[in-house]
Number of protein chains: 2
Amino acid sequence: MQKLRIGLAQINPVVGDLKGNARKILATAARAEKNGTNLLVFPEMVLTGYPPEDLLLKPSFIRDNLKTLDKIRKEIRSPRMVTLIGHVDQKRNIHNAAAVIYKGKIVATYYKIYLPNYGVFDEARYFQPGYKPMVLKWGEMGIGISTCDDMCYPEGSGYQVALSEAEILVNLSSLPYHVGKSELRERIFATRARENVAVVALCNLIGGQDELVFDGSSAIFAPTGEVIARARAFEEDLLIADVDLEQVFHQRLHDPRFRQERIKKPVQEMDIVQLPALSTRGSRPGALKKRVEPIPDEREMILKALILGTRDYLKKNGFKKVVIGLSGGLDSSLVAAIAREALGPVNVIGVGMPGPFTSTATRRDSKKVAENLGISFLEIPIKSIYSAYLEGLADVFKGMRKDVTEENIQARIRGDLIMALSNKFGWLVLTTGNKSELATGYCTLYGDMAGGFAVLKDIPKTMAYEIARLINRKAGKNLIPKSVIERPPTAELRPGQKDQDSLPPYEQLDQILKAYIEEDMDPEKMIKHGAKAVTVKRVIRMVDKSEYKRRQAPPGIKITPRAFGKDWRLPITNRY
Amino acid sequence: MQKLRIGLAQINPVVGDLKGNARKILATAARAEKNGTNLLVFPEMVLTGYPPEDLLLKPSFIRDNLKTLDKIRKEIRSPRMVTLIGHVDQKRNIHNAAAVIYKGKIVATYYKIYLPNYGVFDEARYFQPGYKPMVLKWGEMGIGISTCDDMCYPEGSGYQVALSEAEILVNLSSLPYHVGKSELRERIFATRARENVAVVALCNLIGGQDELVFDGSSAIFAPTGEVIARARAFEEDLLIADVDLEQVFHQRLHDPRFRQERIKKPVQEMDIVQLPALSTRGSRPGALKKRVEPIPDEREMILKALILGTRDYLKKNGFKKVVIGLSGGLDSSLVAAIAREALGPVNVIGVGMPGPFTSTATRRDSKKVAENLGISFLEIPIKSIYSAYLEGLADVFKGMRKDVTEENIQARIRGDLIMALSNKFGWLVLTTGNKSELATGYCTLYGDMAGGFAVLKDIPKTMAYEIARLINRKAGKNLIPKSVIERPPTAELRPGQKDQDSLPPYEQLDQILKAYIEEDMDPEKMIKHGAKAVTVKRVIRMVDKSEYKRRQAPPGIKITPRAFGKDWRLPITNRY
């Protein structure tokens, strides 16, 4: 047999929901079987959801995951389909594992070899590494199994597997999205396909989990590196494709490097699992249309990540509706537009909370945004509450000047009011601050930072503008009013206040922030690249000094290569 | 030479303060030299402070730490003293390292072999492991070097080093405190001394760093396991002691196990560094008095950890004064008493913020606490602000019953007021919530949780009572009034409210929390141990559902084996 029907089951599990995930796995396996799939691949740790973090320290959790796997394997009995399911295994040690299920049995279990322990990953905290590549021999075919990082290095297990026994390299992944990641991922896997003269099939997770969004886009690569099938981005999908191994066998025959290496370089210890030849009894479903879903443009991907991340955080945590403080500014308008896409307009409530320094124009715009989006709108003025605070503090503050204290009081009244709505009605509060603000500390703890989920937490201000424009372009009209986009940003907490009084222009600021936060660039290098020394120093100081605020910020969606979440672990007490 | 004067330089560095730490190191080295020290040991990564976390991802940080080390080594020129300094090294890889300085030169650099990546530790995120034990040969003596975890396993580098070449095993440590840790640590190091028939000298860090407190208590162990010298707990100290190796040489001669193993079991590759024989020119300071500081009683240690953790967080972050909301309840009274010990009464401000449900008794007690402690006291009633909120929300809440919303509003007004004081006067807000509350979510986000540092974050309520009683006992009078300790706990946010209306009795609750949080115990096992099934389920549900609150809590001092900090990484989105 040189032809194989591969299914990539890119599903959206919920962390810890073993029963629900099992149901989803079984339903997808049944569909795949019906469609004549021979080799069905689920994502890495699909059974537990990814990443389960310290749930992995609970013995009962690992036990229950194994019990659930045992139920699943009994239900997948097809003699024509091998199924790979990512889960957690525990024998002597605990492993990030892939179970190979065939005819109702677990015929083998692969252990991930390369455990990522950088960025958002802590896998060395939980797992012992595997040490043996694994090949399933199925008739004359060899199927090499690997998990995520195992295929990210030229010397990874894919390499060794292919050089000896495998024509198909299968990879179970749970790779979180960030800007530029899809392209990078496809380049890596295409390279592995070419290097090894093998078909590479990558099944990647989709869905939102706290601060992470997984984008799917599972794909199959020909030995030339060409993508011959691709699943949808940011959506559940079952991608089924026929793969012809003729090309692999043929090309390898004529590749001297290949034959020689195989002789000269003994491959390390390897698990070879022999499966009985594929049954071909019964009717076989007909040929499939080739399906290569496009990879969306990067801005489009960011928007999709924001929508899916918001929707999944709500849904998976049992919330239906959100409430958003609408100031008439860009960020809150953008969050409202994203929430409407994620949840539908009936599930989004906007609240205007005009204060003593709110202008008529922004007040009008906040209503306009709600109107344009078709969401509910409430208005609760804060003036009399603000006066009550000032009165309450009058004695203590006697003789002192107004300063940021009074600005923060206004922001915190708004925080309290929106939390009151959340408490009373069960709506989740979406905060509206962006990454530029959170980086520099240009935000009020317990004020505008108060809420359950920070949609734009990892979106720099300049990127927020781009996404807002994209939304308007897609809608074919100004859902987010032009005046909102064009007005100079202001917090309206004192007369005539503008963001640019306290911050460098956003174009400059965001460049420095990217260099400092995402690239760990030395200040000297930034200055060499053209940034002003005084601005660089000032911005870095702002970032360092605001660590304490970020530590108390709500979670939000990781979009850039380095977000203020698990991939940013700076001490608060820090004199460097 | 069979006699050696060892110095353990247990100092308190600041993370990132390379210059300041260098100054402290040099001053201590000068003192040690003057006292005739031959072997001076500083703690693990003392130069950078520990843990520097993601500062280690900045190339400039590692470079600057190496430049600083280079300045230090030039200043330590004594021909009679070898000095070990923990720092970060980078050659091909980045290592947790110990520099061996002798006569103004770095004569060797040891790399930590066992990198902890559990609990609060993420060392695999930053470092590559070393692979070779190191022995300094100094005349006929062998000095084995190891760092922290390297000596925590019987097969660790201490073992291999001792069996071949070293009579003294030196360990540079930065071991954070938790309840029971000192005892455990001494048991481990004493065991290593006995197993290896060697003198073990452990230098441990002291000081507070964000959520961690290091307790010092550096010690020297005889080959019998006996502690022959110990530095102070929770204080900087330079412990200098004379060590006679006669016992080691003698006992090894008569230990067949020792001689045989040395022949049978070849030791792995090892760095042997030959130093010129010790210079004995010049006058030698006289004999030293043996100093074995006591290890305080566990309750006393907890109190010391709270005081040092609070003091260092303030000092190292540039704060002088704190403000504390005094409710007349146990927790806030206890925090005020701790703050007074840490900072002195003039630096502590108590604020009473009586609300509509505050009783005369608690109101009186809050003033009484301030009086007893000799701290300032302000009172700002919240009633009229509360009314302003209710009025502002009247329309939106029309026809709805009062519920937890109105309780939270009161808590948040207090949060806002105390933050306003913080903003206006530059005082840091100490929050007063305890671990039992934070675990069960019995606290208000942005309300009583609002503040910069949570002193009791890892103190269960039952432990808070014990510490309060200890403080009174030590003072010889009721600093914390008897009425405060004896009144049933209440949040006073609705008429007649008691904690025990919403929570199981604290004795039961804290037992379940300990099993669940610190021991990852399965619920079935807790029930087998005597807990009520319905209570266990209810408590676990409360803990799981409050993850989102904890994520936005301020940092606080780790006291138990597992705190809600870096050693607790549970997903918010979690259906298990």
# chains A, B, ... in the order shown; residues from 1 in each chain; ligands from 1

$ interface_residues --of "chain A" --to "chain B" --cutoff "7 Å" --atoms "only C-alpha atoms" --output "PyMOL selection string"
chain A and resi 15-17+52-55+57-58+60+117-118+124-125+209-210+316-317+380+384-385+388-389+392+405+409+412+416+420+423-424+446+520+522+551-554+568-576

$ write_last_selection --atoms "N, CA and C atoms" --output "compact mmCIF listing (two decimals), in the first residue's frame"
# COMPACT_ATOMS: atom_id res chain seq x y z
N VAL A 15 -9.44 22.54 29.11
CA VAL A 15 -8.50 22.00 30.10
C VAL A 15 -9.27 21.40 31.28
N GLY A 16 -8.94 20.17 31.59
CA GLY A 16 -9.53 19.50 32.75
C GLY A 16 -10.85 18.81 32.49
N ASP A 17 -11.48 19.07 31.35
CA ASP A 17 -12.80 18.49 31.06
C ASP A 17 -12.62 17.13 30.39
N PRO A 52 -2.34 22.00 31.03
CA PRO A 52 -3.06 21.81 32.29
C PRO A 52 -2.29 22.33 33.51
N GLU A 53 -1.06 22.77 33.29
CA GLU A 53 -0.23 23.35 34.36
C GLU A 53 -0.23 22.45 35.60
N ASP A 54 -0.44 23.05 36.78
CA ASP A 54 -0.25 22.27 38.02
C ASP A 54 -1.34 21.24 38.29
N LEU A 55 -2.35 21.16 37.44
CA LEU A 55 -3.25 19.99 37.55
C LEU A 55 -2.42 18.72 37.44
N LEU A 57 0.18 18.05 38.86
CA LEU A 57 0.77 17.63 40.15
C LEU A 57 -0.23 16.83 40.98
N LYS A 58 -1.49 16.79 40.52
CA LYS A 58 -2.50 16.03 41.26
C LYS A 58 -2.53 14.59 40.77
N SER A 60 -4.67 12.33 41.19
CA SER A 60 -5.99 11.91 40.71
C SER A 60 -6.22 12.38 39.27
N ASN A 117 10.90 24.38 27.91
CA ASN A 117 10.90 25.01 29.23
C ASN A 117 11.31 26.48 29.12
N TYR A 118 10.84 27.12 28.05
CA TYR A 118 11.14 28.53 27.80
C TYR A 118 9.81 29.23 27.52
N ALA A 124 9.42 21.01 31.78
CA ALA A 124 10.37 20.30 32.64
C ALA A 124 9.89 20.25 34.09
N ARG A 125 8.92 21.10 34.42
CA ARG A 125 8.33 21.09 35.76
C ARG A 125 7.52 19.82 35.98
N GLN A 209 -7.14 29.23 25.81
CA GLN A 209 -6.96 28.71 27.17
C GLN A 209 -6.26 29.80 27.99
N ASP A 210 -7.03 30.47 28.83
CA ASP A 210 -6.52 31.59 29.60
C ASP A 210 -5.80 32.59 28.69
N LYS A 316 -15.74 28.83 28.19
CA LYS A 316 -15.14 27.77 28.99
C LYS A 316 -15.22 28.06 30.49
N ASN A 317 -15.44 29.34 30.85
CA ASN A 317 -15.59 29.67 32.26
C ASN A 317 -17.05 29.90 32.65
N ILE A 380 -23.94 55.69 33.68
CA ILE A 380 -23.93 55.98 35.13
C ILE A 380 -22.88 57.06 35.38
N SER A 384 -21.26 62.57 41.39
CA SER A 384 -21.63 62.73 42.80
C SER A 384 -20.85 61.75 43.68
N ILE A 385 -20.51 60.60 43.13
CA ILE A 385 -19.67 59.67 43.92
C ILE A 385 -18.28 60.27 44.12
N ALA A 388 -18.33 62.72 46.81
CA ALA A 388 -18.39 62.07 48.12
C ALA A 388 -16.99 61.64 48.57
N TYR A 389 -16.19 61.13 47.63
CA TYR A 389 -14.80 60.76 47.98
C TYR A 389 -14.00 61.98 48.42
N GLY A 392 -14.99 63.01 51.77
CA GLY A 392 -14.51 62.05 52.78
C GLY A 392 -13.03 62.22 53.07
N THR A 405 -3.62 61.33 42.46
CA THR A 405 -4.55 60.71 43.41
C THR A 405 -5.99 60.91 42.96
N ILE A 409 -8.81 58.23 41.66
CA ILE A 409 -10.12 58.04 42.31
C ILE A 409 -11.21 57.91 41.25
N ARG A 412 -11.01 54.57 39.63
CA ARG A 412 -11.43 53.49 40.54
C ARG A 412 -12.93 53.49 40.79
N ASP A 416 -15.20 50.28 40.29
CA ASP A 416 -16.16 49.78 41.28
C ASP A 416 -17.55 49.63 40.66
N ALA A 420 -19.67 46.30 40.18
CA ALA A 420 -20.99 46.15 40.80
C ALA A 420 -21.97 45.55 39.79
N ASN A 423 -21.10 41.90 39.52
CA ASN A 423 -21.60 41.13 40.67
C ASN A 423 -23.10 40.94 40.60
N LYS A 424 -23.82 42.00 40.27
CA LYS A 424 -25.29 41.94 40.31
C LYS A 424 -25.85 41.08 39.18
N TYR A 446 -6.89 48.67 39.90
CA TYR A 446 -8.24 48.65 40.48
C TYR A 446 -9.16 49.70 39.83
N ASP A 520 14.48 41.62 24.27
CA ASP A 520 15.51 41.79 25.30
C ASP A 520 16.71 42.56 24.76
N ASP A 522 19.48 45.40 24.29
CA ASP A 522 20.19 46.35 25.15
C ASP A 522 19.85 47.77 24.71
N ARG A 551 1.60 42.71 37.86
CA ARG A 551 1.41 41.50 38.64
C ARG A 551 -0.05 41.34 39.07
N GLN A 552 -0.79 42.44 39.11
CA GLN A 552 -2.18 42.35 39.54
C GLN A 552 -3.16 42.57 38.39
N ALA A 553 -2.66 42.50 37.16
CA ALA A 553 -3.52 42.70 36.00
C ALA A 553 -4.29 41.42 35.69
N PRO A 554 -5.49 41.56 35.12
CA PRO A 554 -6.22 40.35 34.71
C PRO A 554 -5.51 39.67 33.53
N TRP A 568 6.75 36.34 30.79
CA TRP A 568 7.39 37.56 31.30
C TRP A 568 7.47 37.40 32.82
N ARG A 569 8.62 37.01 33.33
CA ARG A 569 8.75 36.70 34.75
C ARG A 569 9.82 37.57 35.38
N LEU A 570 9.52 38.85 35.48
CA LEU A 570 10.48 39.77 36.06
C LEU A 570 10.20 39.95 37.54
N PRO A 571 11.24 40.09 38.35
CA PRO A 571 10.99 40.38 39.76
C PRO A 571 10.42 41.77 39.92
N ILE A 572 9.60 41.98 40.95
CA ILE A 572 9.15 43.34 41.28
C ILE A 572 10.31 44.07 41.96
N THR A 573 10.89 43.43 42.95
CA THR A 573 12.05 43.99 43.64
C THR A 573 13.26 43.78 42.74
N ASN A 574 13.73 44.87 42.13
CA ASN A 574 14.73 44.75 41.08
C ASN A 574 15.44 46.08 40.91
N ARG A 575 16.70 46.12 41.26
CA ARG A 575 17.42 47.39 41.13
C ARG A 575 18.27 47.46 39.87
N TYR A 576 18.11 46.49 38.96
CA TYR A 576 18.94 46.54 37.75
C TYR A 576 18.47 47.63 36.83

$ residues_around --residues "Gly104 (chain A)" --least-positions-apart "3" --cutoff "12 Å" --atoms "only C-alpha atoms" --output "VMD selection string"
chain A and resid 69 to 83 99 to 101 107

$ select_by_dssp --residues "region 292-411 of chain A" --states "alpha helix (DSSP H)" --output "PDB file with C-alpha atoms, in the first residue's frame"
ATOM      1  CA  GLU A 298      -1.404  38.664   9.772  1.00  0.00           C
ATOM      2  CA  ARG A 299      -3.796  41.478  10.826  1.00  0.00           C
ATOM      3  CA  GLU A 300      -6.716  39.188  10.132  1.00  0.00           C
ATOM      4  CA  MET A 301      -5.086  36.492  12.256  1.00  0.00           C
ATOM      5  CA  ILE A 302      -4.643  38.876  15.163  1.00  0.00           C
ATOM      6  CA  LEU A 303      -8.324  39.771  14.980  1.00  0.00           C
ATOM      7  CA  LYS A 304      -9.293  36.096  14.833  1.00  0.00           C
ATOM      8  CA  ALA A 305      -7.060  35.347  17.814  1.00  0.00           C
ATOM      9  CA  LEU A 306      -8.683  38.143  19.816  1.00  0.00           C
ATOM     10  CA  ILE A 307     -12.177  36.939  18.952  1.00  0.00           C
ATOM     11  CA  LEU A 308     -11.498  33.265  19.668  1.00  0.00           C
ATOM     12  CA  GLY A 309      -9.517  34.038  22.820  1.00  0.00           C
ATOM     13  CA  THR A 310     -12.352  36.178  24.183  1.00  0.00           C
ATOM     14  CA  ARG A 311     -15.098  33.752  23.187  1.00  0.00           C
ATOM     15  CA  ASP A 312     -13.362  30.727  24.678  1.00  0.00           C
ATOM     16  CA  TYR A 313     -12.468  32.450  27.929  1.00  0.00           C
ATOM     17  CA  LEU A 314     -16.129  33.344  28.370  1.00  0.00           C
ATOM     18  CA  LYS A 315     -17.595  30.053  27.260  1.00  0.00           C
ATOM     19  CA  LYS A 316     -15.141  27.771  28.990  1.00  0.00           C
ATOM     20  CA  LEU A 330     -10.283  53.795  20.678  1.00  0.00           C
ATOM     21  CA  ASP A 331      -9.477  50.897  22.999  1.00  0.00           C
ATOM     22  CA  SER A 332     -12.895  50.459  24.562  1.00  0.00           C
ATOM     23  CA  SER A 333     -14.595  50.820  21.174  1.00  0.00           C
ATOM     24  CA  LEU A 334     -12.309  48.161  19.753  1.00  0.00           C
ATOM     25  CA  VAL A 335     -12.940  45.782  22.668  1.00  0.00           C
ATOM     26  CA  ALA A 336     -16.684  46.234  22.212  1.00  0.00           C
ATOM     27  CA  ALA A 337     -16.396  45.441  18.496  1.00  0.00           C
ATOM     28  CA  ILE A 338     -14.361  42.311  19.244  1.00  0.00           C
ATOM     29  CA  ALA A 339     -16.777  41.192  21.957  1.00  0.00           C
ATOM     30  CA  ARG A 340     -19.702  41.636  19.595  1.00  0.00           C
ATOM     31  CA  GLU A 341     -17.984  39.393  17.043  1.00  0.00           C
ATOM     32  CA  ALA A 342     -17.147  36.848  19.720  1.00  0.00           C
ATOM     33  CA  LEU A 343     -20.465  36.707  21.548  1.00  0.00           C
ATOM     34  CA  THR A 360     -19.373  66.100  25.139  1.00  0.00           C
ATOM     35  CA  ALA A 361     -17.631  64.624  22.104  1.00  0.00           C
ATOM     36  CA  THR A 362     -16.374  61.458  23.815  1.00  0.00           C
ATOM     37  CA  ARG A 363     -19.657  61.059  25.666  1.00  0.00           C
ATOM     38  CA  ARG A 364     -21.501  61.206  22.349  1.00  0.00           C
ATOM     39  CA  ASP A 365     -19.026  58.822  20.747  1.00  0.00           C
ATOM     40  CA  SER A 366     -19.430  56.183  23.444  1.00  0.00           C
ATOM     41  CA  LYS A 367     -23.173  56.085  22.689  1.00  0.00           C
ATOM     42  CA  LYS A 368     -22.472  56.097  18.978  1.00  0.00           C
ATOM     43  CA  VAL A 369     -20.208  53.056  19.280  1.00  0.00           C
ATOM     44  CA  ALA A 370     -22.918  51.134  21.130  1.00  0.00           C
ATOM     45  CA  GLU A 371     -25.453  52.164  18.516  1.00  0.00           C
ATOM     46  CA  ASN A 372     -23.204  51.159  15.605  1.00  0.00           C
ATOM     47  CA  LEU A 373     -22.531  47.784  17.154  1.00  0.00           C
ATOM     48  CA  LYS A 383     -19.720  62.999  39.558  1.00  0.00           C
ATOM     49  CA  SER A 384     -21.635  62.728  42.803  1.00  0.00           C
ATOM     50  CA  ILE A 385     -19.672  59.665  43.916  1.00  0.00           C
ATOM     51  CA  TYR A 386     -16.464  61.538  43.134  1.00  0.00           C
ATOM     52  CA  SER A 387     -17.629  64.436  45.263  1.00  0.00           C
ATOM     53  CA  ALA A 388     -18.386  62.071  48.123  1.00  0.00           C
ATOM     54  CA  TYR A 389     -14.801  60.755  47.984  1.00  0.00           C
ATOM     55  CA  LEU A 390     -13.307  64.239  47.914  1.00  0.00           C
ATOM     56  CA  GLU A 391     -15.431  65.202  50.876  1.00  0.00           C
ATOM     57  CA  GLY A 392     -14.513  62.048  52.783  1.00  0.00           C
ATOM     58  CA  LEU A 393     -10.826  62.735  52.200  1.00  0.00           C
ATOM     59  CA  ALA A 394     -10.983  66.515  52.649  1.00  0.00           C
ATOM     60  CA  VAL A 404      -2.653  61.767  40.252  1.00  0.00           C
ATOM     61  CA  THR A 405      -4.548  60.714  43.409  1.00  0.00           C
ATOM     62  CA  GLU A 406      -7.706  62.452  42.266  1.00  0.00           C
ATOM     63  CA  GLU A 407      -7.314  61.030  38.753  1.00  0.00           C
ATOM     64  CA  ASN A 408      -7.033  57.537  40.156  1.00  0.00           C
ATOM     65  CA  ILE A 409     -10.124  58.037  42.311  1.00  0.00           C
ATOM     66  CA  GLN A 410     -12.160  58.680  39.171  1.00  0.00           C
ATOM     67  CA  ALA A 411     -10.744  55.605  37.456  1.00  0.00           C
TER      68      ALA A 411
END

$ residues_around --residues "Leu205 (chain B)" --least-positions-apart "4" --cutoff "6 Å" --atoms "only C-alpha atoms" --output "list in words"
Gln10, Pro43, Ser174, Phe214 and Gly216 of chain B

$ write_last_selection --atoms "N, CA and C atoms" --output "compact mmCIF listing (two decimals), in the first residue's frame"
# COMPACT_ATOMS: atom_id res chain seq x y z
N GLN B 10 26.95 35.15 55.21
CA GLN B 10 25.51 35.10 55.00
C GLN B 10 24.98 36.53 54.88
N PRO B 43 26.80 33.04 49.54
CA PRO B 43 25.67 32.23 49.05
C PRO B 43 25.62 32.13 47.52
N SER B 174 20.92 29.22 48.09
CA SER B 174 19.89 30.24 48.27
C SER B 174 18.59 29.49 48.43
N PHE B 214 14.61 34.26 52.66
CA PHE B 214 15.70 33.33 52.88
C PHE B 214 16.13 33.47 54.33
N GLY B 216 18.90 32.17 56.08
CA GLY B 216 20.27 32.09 56.57
C GLY B 216 20.49 30.81 57.35

$ residues_around --residues "Pro561 (chain A)" --least-positions-apart "2" --cutoff "9 Å" --atoms "only C-alpha atoms" --output "list in words"
Gly119, Tyr177, His178, Val179, Gly180, Lys181, Glu518, Glu519, Lys558, Ile559, Ala563 and Asp567 of chain A

$ closest_residue --among "B:Met141, B:Ala287, B:Val323, B:Met151" --to "Phe249 (chain B)" --atoms "only C-alpha atoms"
B:Met141

$ residues_around --residues "Glu226 (chain B)" --least-positions-apart "3" --cutoff "9 Å" --atoms "only C-alpha atoms" --output "ChimeraX atom specification"
/B:190,193,220-223

$ write_last_selection --atoms "all heavy atoms" --output "tab-separated table (two decimals), in the first residue's frame"
chain	number	residue	atom	x	y	z
B	190	ALA	N	23.46	17.10	57.26
B	190	ALA	CA	24.11	16.23	58.25
B	190	ALA	C	24.27	14.82	57.67
B	190	ALA	O	25.31	14.16	57.86
B	190	ALA	CB	23.27	16.19	59.52
B	193	ALA	N	27.17	14.76	55.42
B	193	ALA	CA	28.43	14.76	56.17
B	193	ALA	C	28.74	13.35	56.64
B	193	ALA	O	29.87	12.86	56.48
B	193	ALA	CB	28.32	15.72	57.36
B	220	ILE	N	27.99	24.62	59.83
B	220	ILE	CA	29.07	23.67	59.54
B	220	ILE	C	28.78	22.38	60.29
B	220	ILE	O	28.40	22.40	61.48
B	220	ILE	CB	30.43	24.25	59.96
B	220	ILE	CG1	30.68	25.56	59.20
B	220	ILE	CG2	31.56	23.25	59.70
B	220	ILE	CD1	31.97	26.25	59.56
B	221	PHE	N	28.90	21.26	59.58
B	221	PHE	CA	28.58	19.96	60.13
B	221	PHE	C	29.85	19.12	60.24
B	221	PHE	O	30.62	19.04	59.28
B	221	PHE	CB	27.58	19.22	59.24
B	221	PHE	CG	26.31	19.97	59.02
B	221	PHE	CD1	26.23	20.99	58.07
B	221	PHE	CD2	25.17	19.67	59.77
B	221	PHE	CE1	25.06	21.70	57.86
B	221	PHE	CE2	23.99	20.37	59.57
B	221	PHE	CZ	23.93	21.39	58.62
B	222	ALA	N	30.03	18.47	61.39
B	222	ALA	CA	31.14	17.53	61.55
B	222	ALA	C	30.82	16.23	60.81
B	222	ALA	O	29.66	16.00	60.45
B	222	ALA	CB	31.35	17.25	63.04
B	223	PRO	N	31.81	15.39	60.58
B	223	PRO	CA	31.55	14.12	59.88
B	223	PRO	C	30.57	13.21	60.64
B	223	PRO	O	30.05	12.27	60.08
B	223	PRO	CB	32.93	13.46	59.81
B	223	PRO	CG	33.91	14.52	60.09
B	223	PRO	CD	33.24	15.59	60.86

$ residues_around --residues "Thr224 (chain A)" --least-positions-apart "4" --cutoff "9 Å" --atoms "only C-alpha atoms" --output "list in words"
Ala190, Thr191, Ala193, Arg194, Val197, Ala198 and Val199 of chain A

$ select_by_dssp --residues "region 407-478 of chain B" --states "strand (DSSP E or B)" --output "PyMOL selection string"
chain B and resi 428-431+453-454

$ write_last_selection --atoms "all heavy atoms" --output "CSV table (one decimal), in the first residue's frame"
chain,number,residue,atom,x,y,z
B,428,LEU,N,3.0,52.6,51.2
B,428,LEU,CA,2.6,51.4,50.6
B,428,LEU,C,1.5,50.8,51.4
B,428,LEU,O,1.5,50.8,52.6
B,428,LEU,CB,3.8,50.4,50.7
B,428,LEU,CG,3.5,49.1,49.9
B,428,LEU,CD1,3.9,49.2,48.5
B,428,LEU,CD2,4.3,47.9,50.6
B,429,VAL,N,0.5,50.3,50.7
B,429,VAL,CA,-0.7,49.6,51.3
B,429,VAL,C,-0.3,48.2,51.6
B,429,VAL,O,0.0,47.4,50.8
B,429,VAL,CB,-1.9,49.7,50.5
B,429,VAL,CG1,-3.1,48.9,51.1
B,429,VAL,CG2,-2.3,51.1,50.1
B,430,LEU,N,-0.4,47.8,52.9
B,430,LEU,CA,-0.3,46.4,53.3
B,430,LEU,C,-1.7,45.8,53.3
B,430,LEU,O,-2.6,46.3,54.1
B,430,LEU,CB,0.4,46.2,54.6
B,430,LEU,CG,1.9,46.6,54.7
B,430,LEU,CD1,2.4,46.3,56.1
B,430,LEU,CD2,2.7,45.9,53.7
B,431,THR,N,-2.0,44.8,52.6
B,431,THR,CA,-3.3,44.1,52.7
B,431,THR,C,-3.3,43.1,53.9
B,431,THR,O,-2.2,42.7,54.3
B,431,THR,CB,-3.7,43.4,51.4
B,431,THR,OG1,-2.8,42.3,51.2
B,431,THR,CG2,-3.7,44.3,50.2
B,453,PHE,N,1.3,44.8,49.1
B,453,PHE,CA,2.0,43.6,49.7
B,453,PHE,C,1.1,43.0,50.7
B,453,PHE,O,0.4,43.6,51.5
B,453,PHE,CB,3.3,44.0,50.4
B,453,PHE,CG,4.3,42.9,50.6
B,453,PHE,CD1,4.8,42.2,49.5
B,453,PHE,CD2,4.6,42.5,51.9
B,453,PHE,CE1,5.7,41.2,49.7
B,453,PHE,CE2,5.5,41.5,52.1
B,453,PHE,CZ,6.1,40.8,51.0
B,454,ALA,N,1.0,41.6,50.6
B,454,ALA,CA,0.0,40.9,51.4
B,454,ALA,C,0.8,40.1,52.4
B,454,ALA,O,1.2,39.0,52.2
B,454,ALA,CB,-0.8,40.0,50.5

$ residues_around --residues "Tyr153 (chain B)" --least-positions-apart "2" --cutoff "10 Å" --atoms "only C-alpha atoms" --output "list in words"
Tyr114, Asp149, Asp150, Met151, Glu155, Gly156, Ser157, Gly158, Tyr159, Ile188, Phe189, Thr191 and Arg192 of chain B

$ atom_distance --atom1 "CA of Ala97 (chain B)" --atom2 "CA of Leu184 (chain B)"
24.5 Å
